[in-house]
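**Q** Input file: upload23.cif. Contents: mmCIF, C-alpha atoms.
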data_input
loop_
_atom_site.group_PDB
_atom_site.id
_atom_site.type_symbol
_atom_site.label_atom_id
_atom_site.label_comp_id
_atom_site.auth_asym_id
_atom_site.auth_seq_id
_atom_site.Cartn_x
_atom_site.Cartn_y
_atom_site.Cartn_z
ATOM 1 C CA MET J 18 72.285 137.721 6.235
ATOM 2 C CA ALA J 19 75.076 139.801 4.709
ATOM 3 C CA THR J 20 76.238 138.465 1.369
ATOM 4 C CA ASP J 21 79.886 138.780 2.408
ATOM 5 C CA THR J 22 79.478 136.589 5.517
ATOM 6 C CA GLU J 23 81.840 133.639 5.280
ATOM 7 C CA VAL J 24 80.801 130.507 7.162
ATOM 8 C CA LEU J 25 82.881 127.354 7.521
ATOM 9 C CA VAL J 26 80.779 124.193 7.694
ATOM 10 C CA ILE J 27 82.649 121.265 9.237
ATOM 11 C CA GLY J 28 81.323 117.979 7.857
ATOM 12 C CA ALA J 29 79.750 117.064 4.504
ATOM 13 C CA GLY J 30 77.075 114.700 5.749
ATOM 14 C CA LEU J 31 73.426 115.469 5.053
ATOM 15 C CA ALA J 32 73.328 117.887 8.000
ATOM 16 C CA GLY J 33 76.375 119.862 6.894
ATOM 17 C CA LEU J 34 75.395 119.972 3.221
ATOM 18 C CA SER J 35 71.817 120.983 4.089
ATOM 19 C CA ALA J 36 73.135 123.756 6.339
ATOM 20 C CA ALA J 37 75.507 125.001 3.647
ATOM 21 C CA THR J 38 72.702 124.981 1.074
ATOM 22 C CA GLU J 39 70.470 127.031 3.371
ATOM 23 C CA LEU J 40 73.293 129.457 4.201
ATOM 24 C CA ALA J 41 73.894 130.012 0.491
ATOM 25 C CA ARG J 42 70.170 130.615 -0.025
ATOM 26 C CA LEU J 43 70.236 133.260 2.705
ATOM 27 C CA GLY J 44 73.100 135.062 1.008
ATOM 28 C CA ALA J 45 76.108 133.852 2.987
ATOM 29 C CA THR J 46 79.239 132.289 1.520
ATOM 30 C CA PRO J 47 79.600 128.764 2.946
ATOM 31 C CA ARG J 48 82.698 126.615 2.647
ATOM 32 C CA VAL J 49 82.328 122.944 3.548
ATOM 33 C CA LEU J 50 85.332 121.039 4.922
ATOM 34 C CA GLU J 51 85.075 117.248 4.895
ATOM 35 C CA ALA J 52 87.728 114.907 6.306
ATOM 36 C CA ARG J 53 86.786 111.963 4.079
ATOM 37 C CA ASP J 54 87.214 111.611 0.332
ATOM 38 C CA ARG J 55 83.438 111.458 -0.174
ATOM 39 C CA VAL J 56 80.299 113.299 0.878
ATOM 40 C CA GLY J 57 77.357 111.772 2.709
ATOM 41 C CA GLY J 58 78.644 110.939 6.194
ATOM 42 C CA ARG J 59 76.713 107.937 7.480
ATOM 43 C CA VAL J 60 74.801 107.762 4.201
ATOM 44 C CA HIS J 61 77.007 105.680 1.921
ATOM 45 C CA SER J 62 75.720 103.750 -1.114
ATOM 46 C CA ARG J 63 77.626 100.976 -2.890
ATOM 47 C CA THR J 64 76.913 98.897 -5.991
ATOM 48 C CA LEU J 65 77.595 95.158 -5.831
ATOM 49 C CA ALA J 66 79.041 93.177 -8.718
ATOM 50 C CA GLY J 67 75.568 91.967 -9.684
ATOM 51 C CA GLY J 68 74.250 95.513 -10.010
ATOM 52 C CA ALA J 69 72.314 95.777 -6.739
ATOM 53 C CA THR J 70 72.622 99.036 -4.812
ATOM 54 C CA VAL J 71 73.148 98.554 -1.070
ATOM 55 C CA GLU J 72 73.305 101.081 1.734
ATOM 56 C CA MET J 73 76.318 100.826 4.025
ATOM 57 C CA GLY J 74 74.600 103.235 6.413
ATOM 58 C CA ALA J 75 71.184 104.892 6.642
ATOM 59 C CA GLU J 76 68.740 103.078 4.395
ATOM 60 C CA PHE J 77 65.020 103.522 5.043
ATOM 61 C CA ILE J 78 63.276 106.872 4.608
ATOM 62 C CA LEU J 79 60.586 106.517 7.262
ATOM 63 C CA PRO J 80 57.215 108.300 7.055
ATOM 64 C CA ALA J 81 58.312 110.901 9.612
ATOM 65 C CA ASN J 82 61.414 111.800 7.567
ATOM 66 C CA THR J 83 59.531 114.574 5.789
ATOM 67 C CA TYR J 84 62.580 116.811 5.302
ATOM 68 C CA ILE J 85 64.484 114.097 3.430
ATOM 69 C CA ARG J 86 61.456 113.530 1.217
ATOM 70 C CA GLU J 87 61.185 117.259 0.469
ATOM 71 C CA VAL J 88 64.889 117.546 -0.341
ATOM 72 C CA SER J 89 64.772 114.470 -2.590
ATOM 73 C CA ALA J 90 61.803 115.895 -4.482
ATOM 74 C CA GLY J 91 63.557 119.249 -4.860
ATOM 75 C CA LEU J 92 66.598 117.500 -6.313
ATOM 76 C CA GLY J 93 64.460 115.492 -8.737
ATOM 77 C CA LEU J 94 65.348 112.153 -7.138
ATOM 78 C CA ASP J 95 62.895 109.248 -7.274
ATOM 79 C CA LEU J 96 61.957 107.371 -4.113
ATOM 80 C CA LEU J 97 61.494 103.659 -4.782
ATOM 81 C CA ASP J 98 59.195 101.362 -2.849
ATOM 82 C CA LYS J 99 61.359 98.531 -1.525
ATOM 83 C CA GLY J 100 58.532 95.997 -1.671
ATOM 84 C CA MET J 101 58.969 94.756 1.906
ATOM 85 C CA ARG J 102 57.805 96.817 4.894
ATOM 86 C CA TYR J 103 60.066 98.263 7.582
ATOM 87 C CA GLY J 104 57.254 98.001 10.118
ATOM 88 C CA ARG J 105 56.348 94.374 9.431
ATOM 89 C CA ARG J 106 58.929 91.684 10.187
ATOM 90 C CA GLU J 107 58.321 87.977 10.613
ATOM 91 C CA PRO J 108 59.774 86.935 14.002
ATOM 92 C CA ARG J 109 61.682 83.651 14.170
ATOM 93 C CA GLY J 110 63.825 81.753 16.621
ATOM 94 C CA GLY J 111 62.258 82.776 19.925
ATOM 95 C CA PRO J 112 59.021 82.242 21.862
ATOM 96 C CA PRO J 113 55.891 82.109 19.665
ATOM 97 C CA VAL J 114 54.514 85.557 18.876
ATOM 98 C CA ASN J 115 50.750 85.999 18.684
ATOM 99 C CA MET J 116 50.346 89.030 16.434
ATOM 100 C CA GLU J 117 46.912 89.959 17.780
ATOM 101 C CA GLU J 118 48.220 89.855 21.346
ATOM 102 C CA LEU J 119 51.212 91.909 20.220
ATOM 103 C CA ARG J 120 48.979 94.597 18.720
ATOM 104 C CA ALA J 121 46.908 94.695 21.914
ATOM 105 C CA ALA J 122 50.086 95.039 24.000
ATOM 106 C CA LEU J 123 51.309 97.894 21.817
ATOM 107 C CA ARG J 124 48.007 99.689 22.366
ATOM 108 C CA THR J 125 48.468 99.156 26.118
ATOM 109 C CA VAL J 126 51.975 100.627 25.932
ATOM 110 C CA ALA J 127 50.687 103.668 24.032
ATOM 111 C CA ARG J 128 47.885 104.196 26.526
ATOM 112 C CA THR J 129 50.248 103.789 29.479
ATOM 113 C CA LEU J 130 52.689 106.372 28.128
ATOM 114 C CA GLU J 131 49.849 108.759 27.334
ATOM 115 C CA GLU J 132 48.342 108.463 30.822
ATOM 116 C CA THR J 133 51.695 108.605 32.637
ATOM 117 C CA PRO J 134 53.957 110.753 30.414
ATOM 118 C CA GLU J 135 56.582 111.052 33.146
ATOM 119 C CA ARG J 136 57.501 107.417 32.483
ATOM 120 C CA THR J 137 58.703 108.219 28.957
ATOM 121 C CA SER J 138 62.012 109.537 30.295
ATOM 122 C CA SER J 139 62.179 108.109 33.812
ATOM 123 C CA GLU J 140 61.934 104.463 32.697
ATOM 124 C CA SER J 141 63.717 102.382 30.112
ATOM 125 C CA VAL J 142 61.998 100.232 27.506
ATOM 126 C CA ALA J 143 62.962 97.142 29.500
ATOM 127 C CA GLU J 144 61.484 98.589 32.697
ATOM 128 C CA LEU J 145 58.248 99.643 31.035
ATOM 129 C CA ILE J 146 57.727 96.306 29.292
ATOM 130 C CA GLY J 147 58.631 94.437 32.460
ATOM 131 C CA SER J 148 55.947 96.292 34.404
ATOM 132 C CA LEU J 149 53.132 95.286 32.040
ATOM 133 C CA GLU J 150 51.447 91.901 31.693
ATOM 134 C CA MET J 151 52.071 90.300 28.310
ATOM 135 C CA GLU J 152 53.008 86.971 26.753
ATOM 136 C CA ALA J 153 56.672 85.979 26.577
ATOM 137 C CA GLY J 154 56.714 86.173 22.766
ATOM 138 C CA THR J 155 55.235 89.675 22.791
ATOM 139 C CA ARG J 156 57.789 90.884 25.335
ATOM 140 C CA GLU J 157 60.671 89.351 23.379
ATOM 141 C CA TYR J 158 59.427 90.873 20.117
ATOM 142 C CA MET J 159 59.308 94.379 21.632
ATOM 143 C CA LEU J 160 62.751 94.004 23.183
ATOM 144 C CA ALA J 161 64.239 92.675 19.937
ATOM 145 C CA ARG J 162 62.736 95.413 17.778
ATOM 146 C CA THR J 163 63.942 98.061 20.217
ATOM 147 C CA GLU J 164 67.479 96.733 20.516
ATOM 148 C CA ILE J 165 67.880 96.155 16.790
ATOM 149 C CA SER J 166 66.559 99.539 15.681
ATOM 150 C CA CYS J 167 68.168 101.558 18.486
ATOM 151 C CA ALA J 168 71.384 99.490 18.336
ATOM 152 C CA ALA J 169 71.464 99.512 22.128
ATOM 153 C CA ASP J 170 70.426 97.468 25.131
ATOM 154 C CA ALA J 171 66.729 97.982 25.970
ATOM 155 C CA ARG J 172 67.792 98.722 29.549
ATOM 156 C CA ILE J 173 69.254 102.075 28.476
ATOM 157 C CA VAL J 174 66.745 103.059 25.758
ATOM 158 C CA PRO J 175 64.155 105.518 27.153
ATOM 159 C CA ALA J 176 60.591 104.217 27.190
ATOM 160 C CA SER J 177 59.628 107.043 24.839
ATOM 161 C CA GLY J 178 61.553 105.306 22.066
ATOM 162 C CA LEU J 179 59.444 102.163 22.144
ATOM 163 C CA LEU J 180 56.550 103.248 19.944
ATOM 164 C CA GLY J 181 58.902 104.590 17.312
ATOM 165 C CA VAL J 182 60.453 101.188 16.662
ATOM 166 C CA ALA J 183 58.193 98.406 17.979
ATOM 167 C CA HIS J 184 55.207 99.079 15.782
ATOM 168 C CA ILE J 185 53.514 96.986 13.115
ATOM 169 C CA ASP J 186 52.388 98.761 9.969
ATOM 170 C CA ASP J 187 52.468 98.729 6.181
ATOM 171 C CA GLU J 188 53.798 102.253 5.709
ATOM 172 C CA VAL J 189 56.099 102.601 2.715
ATOM 173 C CA SER J 190 59.691 103.375 3.741
ATOM 174 C CA PRO J 191 61.513 103.839 0.440
ATOM 175 C CA SER J 192 65.088 104.534 -0.607
ATOM 176 C CA VAL J 193 66.405 106.871 -3.272
ATOM 177 C CA GLY J 194 66.692 105.259 -6.677
ATOM 178 C CA GLY J 195 70.373 104.582 -7.291
ATOM 179 C CA GLY J 196 71.261 105.016 -3.606
ATOM 180 C CA ASN J 197 70.532 107.403 -0.748
ATOM 181 C CA GLN J 198 73.987 108.950 -1.121
ATOM 182 C CA ARG J 199 72.720 110.628 -4.275
ATOM 183 C CA ILE J 200 71.063 113.218 -2.017
ATOM 184 C CA ALA J 201 74.452 114.275 -0.655
ATOM 185 C CA ILE J 202 76.118 114.051 -4.059
ATOM 186 C CA GLU J 203 73.485 116.299 -5.657
ATOM 187 C CA LEU J 204 73.610 118.841 -2.806
ATOM 188 C CA ALA J 205 77.407 118.946 -3.059
ATOM 189 C CA ALA J 206 77.250 119.362 -6.846
ATOM 190 C CA ARG J 207 75.094 122.464 -6.421
ATOM 191 C CA LEU J 208 77.585 123.918 -3.961
ATOM 192 C CA GLY J 209 80.410 123.253 -6.414
ATOM 193 C CA ASP J 210 83.944 124.150 -5.345
ATOM 194 C CA ARG J 211 82.664 125.346 -1.983
ATOM 195 C CA VAL J 212 82.908 121.700 -0.845
ATOM 196 C CA GLN J 213 86.448 120.575 -0.045
ATOM 197 C CA LEU J 214 87.157 116.868 0.517
ATOM 198 C CA GLY J 215 90.158 115.418 2.339
ATOM 199 C CA ALA J 216 90.237 118.418 4.665
ATOM 200 C CA PRO J 217 90.128 117.182 8.283
ATOM 201 C CA VAL J 218 89.832 119.902 10.912
ATOM 202 C CA SER J 219 91.929 119.388 14.048
ATOM 203 C CA GLY J 220 91.320 122.616 15.926
ATOM 204 C CA MET J 221 89.057 125.632 16.109
ATOM 205 C CA ARG J 222 89.815 129.013 17.654
ATOM 206 C CA TRP J 223 87.221 131.759 17.816
ATOM 207 C CA GLY J 224 86.778 135.240 19.155
ATOM 208 C CA ASP J 225 85.343 138.648 18.320
ATOM 209 C CA ALA J 226 87.263 138.767 15.042
ATOM 210 C CA GLY J 227 85.823 135.516 13.745
ATOM 211 C CA VAL J 228 86.980 131.916 13.662
ATOM 212 C CA GLU J 229 90.127 130.050 12.623
ATOM 213 C CA VAL J 230 90.258 126.319 11.918
ATOM 214 C CA SER J 231 93.391 124.208 11.615
ATOM 215 C CA THR J 232 93.713 121.798 8.668
ATOM 216 C CA PRO J 233 96.684 119.855 7.228
ATOM 217 C CA SER J 234 97.050 122.531 4.539
ATOM 218 C CA GLY J 235 97.048 125.417 7.000
ATOM 219 C CA VAL J 236 94.748 127.751 8.914
ATOM 220 C CA ILE J 237 91.461 128.852 7.339
ATOM 221 C CA ARG J 238 89.698 131.982 8.591
ATOM 222 C CA ALA J 239 86.034 132.959 8.350
ATOM 223 C CA ASP J 240 83.383 135.014 10.101
ATOM 224 C CA SER J 241 81.819 132.002 11.807
ATOM 225 C CA ALA J 242 81.674 128.236 11.746
ATOM 226 C CA LEU J 243 79.071 125.519 11.970
ATOM 227 C CA VAL J 244 80.119 122.067 13.213
ATOM 228 C CA ALA J 245 78.052 119.226 11.730
ATOM 229 C CA VAL J 246 79.885 116.093 12.839
ATOM 230 C CA PRO J 247 78.909 113.417 15.393
ATOM 231 C CA ALA J 248 79.721 114.288 19.006
ATOM 232 C CA ALA J 249 82.110 111.332 19.282
ATOM 233 C CA VAL J 250 84.090 112.548 16.275
ATOM 234 C CA MET J 251 84.087 116.064 17.657
ATOM 235 C CA PHE J 252 85.681 115.015 20.943
ATOM 236 C CA GLU J 253 88.196 112.713 19.254
ATOM 237 C CA THR J 254 89.473 115.095 16.595
ATOM 238 C CA LEU J 255 88.579 118.702 17.421
ATOM 239 C CA GLU J 256 90.286 120.954 19.940
ATOM 240 C CA PHE J 257 88.355 124.116 20.777
ATOM 241 C CA ASP J 258 89.967 127.364 21.911
ATOM 242 C CA PRO J 259 88.415 128.624 24.105
ATOM 243 C CA PRO J 260 86.872 125.336 25.312
ATOM 244 C CA LEU J 261 83.184 124.720 24.733
ATOM 245 C CA PRO J 262 80.917 126.058 27.492
ATOM 246 C CA ALA J 263 80.639 123.498 30.300
ATOM 247 C CA PRO J 264 76.869 122.800 29.845
ATOM 248 C CA LEU J 265 77.353 122.169 26.111
ATOM 249 C CA HIS J 266 80.419 120.016 26.741
ATOM 250 C CA ARG J 267 78.508 117.905 29.263
ATOM 251 C CA ALA J 268 75.502 117.549 26.948
ATOM 252 C CA LEU J 269 77.635 116.414 24.018
ATOM 253 C CA GLY J 270 79.668 114.104 26.240
ATOM 254 C CA SER J 271 76.525 112.402 27.524
ATOM 255 C CA ILE J 272 75.485 111.203 24.068
ATOM 256 C CA GLU J 273 75.690 107.427 23.741
ATOM 257 C CA TYR J 274 76.031 105.926 20.280
ATOM 258 C CA GLY J 275 74.592 102.595 19.250
ATOM 259 C CA HIS J 276 76.555 99.589 18.002
ATOM 260 C CA ALA J 277 75.358 98.125 14.731
ATOM 261 C CA ALA J 278 76.577 96.194 11.691
ATOM 262 C CA LYS J 279 75.242 95.342 8.243
ATOM 263 C CA LEU J 280 75.783 92.312 6.032
ATOM 264 C CA PHE J 281 74.927 91.923 2.328
ATOM 265 C CA VAL J 282 74.751 88.465 0.788
ATOM 266 C CA PRO J 283 74.340 87.866 -2.977
ATOM 267 C CA LEU J 284 71.753 85.198 -3.783
ATOM 268 C CA ALA J 285 72.039 82.436 -6.361
ATOM 269 C CA ALA J 286 68.646 83.433 -7.777
ATOM 270 C CA PRO J 287 66.231 86.361 -7.315
ATOM 271 C CA ALA J 288 63.912 86.032 -4.311
ATOM 272 C CA PRO J 289 60.578 87.683 -3.457
ATOM 273 C CA ALA J 290 60.468 90.666 -1.123
ATOM 274 C CA SER J 291 60.462 89.680 2.541
ATOM 275 C CA ALA J 292 61.509 90.784 6.036
ATOM 276 C CA VAL J 293 62.523 88.282 8.729
ATOM 277 C CA MET J 294 63.788 89.018 12.255
ATOM 278 C CA SER J 295 65.902 86.802 14.502
ATOM 279 C CA LEU J 296 64.607 87.283 18.035
ATOM 280 C CA PRO J 297 67.488 85.626 19.916
ATOM 281 C CA GLU J 298 70.335 87.071 17.847
ATOM 282 C CA ARG J 299 68.903 90.570 17.504
ATOM 283 C CA TYR J 300 69.132 91.188 13.778
ATOM 284 C CA TRP J 301 66.735 91.323 10.868
ATOM 285 C CA SER J 302 67.144 90.544 7.191
ATOM 286 C CA TRP J 303 65.241 91.584 4.101
ATOM 287 C CA VAL J 304 65.028 91.221 0.357
ATOM 288 C CA ALA J 305 63.848 94.351 -1.438
ATOM 289 C CA THR J 306 62.363 94.484 -4.900
ATOM 290 C CA GLY J 307 63.633 97.963 -5.822
ATOM 291 C CA ALA J 308 60.616 98.628 -8.038
ATOM 292 C CA ASN J 309 60.868 95.046 -9.342
ATOM 293 C CA ASP J 310 64.551 95.472 -10.146
ATOM 294 C CA GLU J 311 65.959 91.962 -10.686
ATOM 295 C CA ALA J 312 69.356 92.999 -9.274
ATOM 296 C CA GLN J 313 67.843 94.171 -5.969
ATOM 297 C CA ARG J 314 65.972 90.880 -5.588
ATOM 298 C CA SER J 315 69.279 89.023 -5.834
ATOM 299 C CA VAL J 316 70.727 90.179 -2.510
ATOM 300 C CA VAL J 317 69.624 89.744 1.100
ATOM 301 C CA SER J 318 70.513 92.591 3.486
ATOM 302 C CA CYS J 319 70.966 92.221 7.239
ATOM 303 C CA PHE J 320 71.172 94.689 10.111
ATOM 304 C CA ALA J 321 72.256 93.755 13.646
ATOM 305 C CA GLY J 322 71.847 96.137 16.563
ATOM 306 C CA SER J 323 73.210 96.280 20.136
ATOM 307 C CA PRO J 324 76.627 95.279 21.515
ATOM 308 C CA ALA J 325 75.271 91.889 22.560
ATOM 309 C CA ALA J 326 74.133 91.113 18.999
ATOM 310 C CA LEU J 327 77.532 91.921 17.524
ATOM 311 C CA GLU J 328 79.156 89.703 20.126
ATOM 312 C CA ARG J 329 76.764 86.787 19.521
ATOM 313 C CA LEU J 330 77.405 86.980 15.789
ATOM 314 C CA ASP J 331 81.148 87.480 16.359
ATOM 315 C CA VAL J 332 81.109 90.325 13.845
ATOM 316 C CA ALA J 333 84.626 91.406 14.773
ATOM 317 C CA SER J 334 86.019 88.107 13.428
ATOM 318 C CA GLY J 335 84.275 88.338 10.068
ATOM 319 C CA PRO J 336 80.993 87.281 8.443
ATOM 320 C CA GLU J 337 81.206 83.498 8.880
ATOM 321 C CA GLN J 338 79.133 83.130 12.049
ATOM 322 C CA TRP J 339 76.547 85.608 10.806
ATOM 323 C CA LEU J 340 76.270 83.733 7.498
ATOM 324 C CA GLU J 341 75.651 80.478 9.349
ATOM 325 C CA SER J 342 72.960 82.150 11.439
ATOM 326 C CA LEU J 343 71.349 83.649 8.340
ATOM 327 C CA GLU J 344 71.216 80.251 6.670
ATOM 328 C CA ARG J 345 69.425 78.837 9.734
ATOM 329 C CA LEU J 346 67.078 81.809 9.916
ATOM 330 C CA ARG J 347 66.133 81.718 6.237
#
Please render this file's structure as structure tokens.
**A**
Amino acid sequence: MATDTEVLVIGAGLAGLSAATELARLGATPRVLEARDRVGGRVHSRTLAGGATVEMGAEFILPANTYIREVSAGLGLDLLDKGMRYGRREPRGGPPVNMEELRAALRTVARTLEETPERTSSESVAELIGSLEMEAGTREYMLARTEISCAADARIVPASGLLGVAHIDDEVSPSVGGGNQRIAIELAARLGDRVQLGAPVSGMRWGDAGVEVSTPSGVIRADSALVAVPAAVMFETLEFDPPLPAPLHRALGSIEYGHAAKLFVPLAAPAPASAVMSLPERYWSWVATGANDEAQRSVVSCFAGSPAALERLDVASGPEQWLESLERLR
């Protein structure tokens, strides 16, 4: 790539910052424009008054997230075992769950999808589970895990997504020491003044001569642009001239986003690592050790997924109903 190629990167989440880093490595001159006053996108770390680091957004680095692990290692960031296991949650509040029967049912699901791969996209998780014989507790566990992790109703989640979320294992799914947002902060630091915060882009015009983007401070021109923002944000805030090609517009418009919420509750005293899931109210809660960090053991984190869960917990009105549920659950 020519060293004088100027590329505008819209969005300073992990995708945008990773793209800008790679463009710079290839010899281009990237310039990152971020609407917010911080980098990281949906990765946002906060520190509570007691010293515990909590993740407002993406939290667990799953075994398949190899790129994030490679980037963290390259930046010299430590990954800390959280003590509890993402793939092992104690179910409470619903029909009894026989763990051996659950494991057998998961093997049946895997075998069914392997033998009839066309069902992975033609059926939903709810349809697939409903077609197989299993105990009520097993079925409810699979539905709850799916809806919590996918933040959507199991009736619209493709069957292919089941094995990625409704598994039982002891794989370590760590977080970055000091917060996952440190990945974005370190990437941005290496890009220096090529990252501009508080620079929302409202329009993009492109042609043979390059690209122009509209910002509150004026028009910025470059050879090309890379858009690294969620599709929903793109449609709400960006106007393209000429319009996006119809197939691309339809594909982006068909993306459905999940509905989720998180709750962090300081504890009166440190607690051991644990992971507990509410089957009927579709959320799970955990206490992480943070490499035996006393501060991390003094907060319980919760994650609720699916529109129905947020309605049951009345999240829009505040934390009170969720707190009452958590007290019953724990």
**Q** For the PyMOL selection byres ((chain J and resi 106) around 8), applied here, can you spell out every residue it catches as a PyMOL selection string?
**A** chain J and resi 102-105+107-108+292-294+301
**Q** Would you compute the distance between atom CA of Thr254 of chain J and atom CA of Met221 of chain J? Give it in Å to one decimal.
**A**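 Distance reported for this atom pair: 10.6 Å.
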**Q** Name the closest residue to Leu255 of chain J among the candidates J:Ile27, J:Val71, J:Leu130, J:Ala288; distances are taken between atoms, counting only C-alpha atoms.
**A** J:Ile27
**Q** Which distance in Å separates atom CA of Gly33 of chain J and atom CA of His61 of chain J, to one decimal?
**A** 15.0 Å
**Q** Given the choices J:Gln338, J:Thr129, J:Thr22, J:Ser241, which gets closest to Ala326 of chain J if the distance is worked out from all atoms listed in the file?
**A** J:Gln338
**Q** Hey, can you check how far atom CA of Ala333 of chain J sits from atom CA of Ala278 of chain J?
**A** 9.9 Å
**Q** Check the smallest atom-to-atom distance from each of J:Leu94, J:Ala69, J:Ala41, J:Ala171 to Glu203 of chain J using only C-alpha atoms, then report the winner.
**A** J:Leu94
**Q** Mind telling me what the PyMOL selection byres ((chain J and resi 115-121) around 8) catches here, as a PDB file with C-alpha atoms, in the coordinates of the input?
**A**
ATOM      1  CA  PRO J 113      55.891  82.109  19.665  1.00  0.00           C
ATOM      2  CA  VAL J 114      54.514  85.557  18.876  1.00  0.00           C
ATOM      3  CA  ALA J 122      50.086  95.039  24.000  1.00  0.00           C
ATOM      4  CA  LEU J 123      51.309  97.894  21.817  1.00  0.00           C
ATOM      5  CA  ARG J 124      48.007  99.689  22.366  1.00  0.00           C
ATOM      6  CA  THR J 125      48.468  99.156  26.118  1.00  0.00           C
ATOM      7  CA  MET J 151      52.071  90.300  28.310  1.00  0.00           C
ATOM      8  CA  GLU J 152      53.008  86.971  26.753  1.00  0.00           C
ATOM      9  CA  GLY J 154      56.714  86.173  22.766  1.00  0.00           C
ATOM     10  CA  THR J 155      55.235  89.675  22.791  1.00  0.00           C
ATOM     11  CA  ILE J 185      53.514  96.986  13.115  1.00  0.00           C
TER      12      ILE J 185
END
**Q** Start from the incomplete input, build all heavy atoms for segment 278-283 of chain J, and deliver everything as a compact mmCIF listing (two decimals), in the frame of the given file.
**A**
# COMPACT_ATOMS: atom_id res chain seq x y z
N ALA J 278 75.81 96.70 12.83
CA ALA J 278 76.58 96.19 11.69
C ALA J 278 75.60 95.77 10.61
O ALA J 278 74.45 95.43 10.89
CB ALA J 278 77.46 95.02 12.11
N LYS J 279 76.07 95.79 9.37
CA LYS J 279 75.24 95.34 8.24
C LYS J 279 76.00 94.26 7.47
O LYS J 279 77.23 94.23 7.45
CB LYS J 279 74.88 96.51 7.32
CG LYS J 279 74.05 97.58 8.00
CD LYS J 279 73.64 98.68 7.04
CE LYS J 279 72.36 98.35 6.32
NZ LYS J 279 71.80 99.51 5.57
N LEU J 280 75.23 93.41 6.84
CA LEU J 280 75.78 92.31 6.03
C LEU J 280 74.95 92.21 4.76
O LEU J 280 73.72 92.24 4.80
CB LEU J 280 75.72 91.00 6.81
CG LEU J 280 76.15 89.72 6.08
CD1 LEU J 280 77.67 89.72 5.85
CD2 LEU J 280 75.74 88.48 6.88
N PHE J 281 75.61 92.07 3.61
CA PHE J 281 74.93 91.92 2.33
C PHE J 281 75.39 90.62 1.68
O PHE J 281 76.58 90.39 1.52
CB PHE J 281 75.24 93.11 1.42
CG PHE J 281 75.00 94.44 2.06
CD1 PHE J 281 76.05 95.18 2.59
CD2 PHE J 281 73.72 94.94 2.19
CE1 PHE J 281 75.84 96.39 3.20
CE2 PHE J 281 73.49 96.16 2.81
CZ PHE J 281 74.56 96.88 3.32
N VAL J 282 74.43 89.79 1.31
CA VAL J 282 74.75 88.46 0.79
C VAL J 282 74.11 88.27 -0.59
O VAL J 282 72.88 88.25 -0.70
CB VAL J 282 74.26 87.36 1.74
CG1 VAL J 282 74.69 85.99 1.22
CG2 VAL J 282 74.79 87.59 3.15
N PRO J 283 74.90 88.14 -1.65
CA PRO J 283 74.34 87.87 -2.98
C PRO J 283 73.64 86.51 -2.99
O PRO J 283 74.10 85.56 -2.36
CB PRO J 283 75.56 87.87 -3.89
CG PRO J 283 76.61 88.62 -3.13
CD PRO J 283 76.36 88.31 -1.68
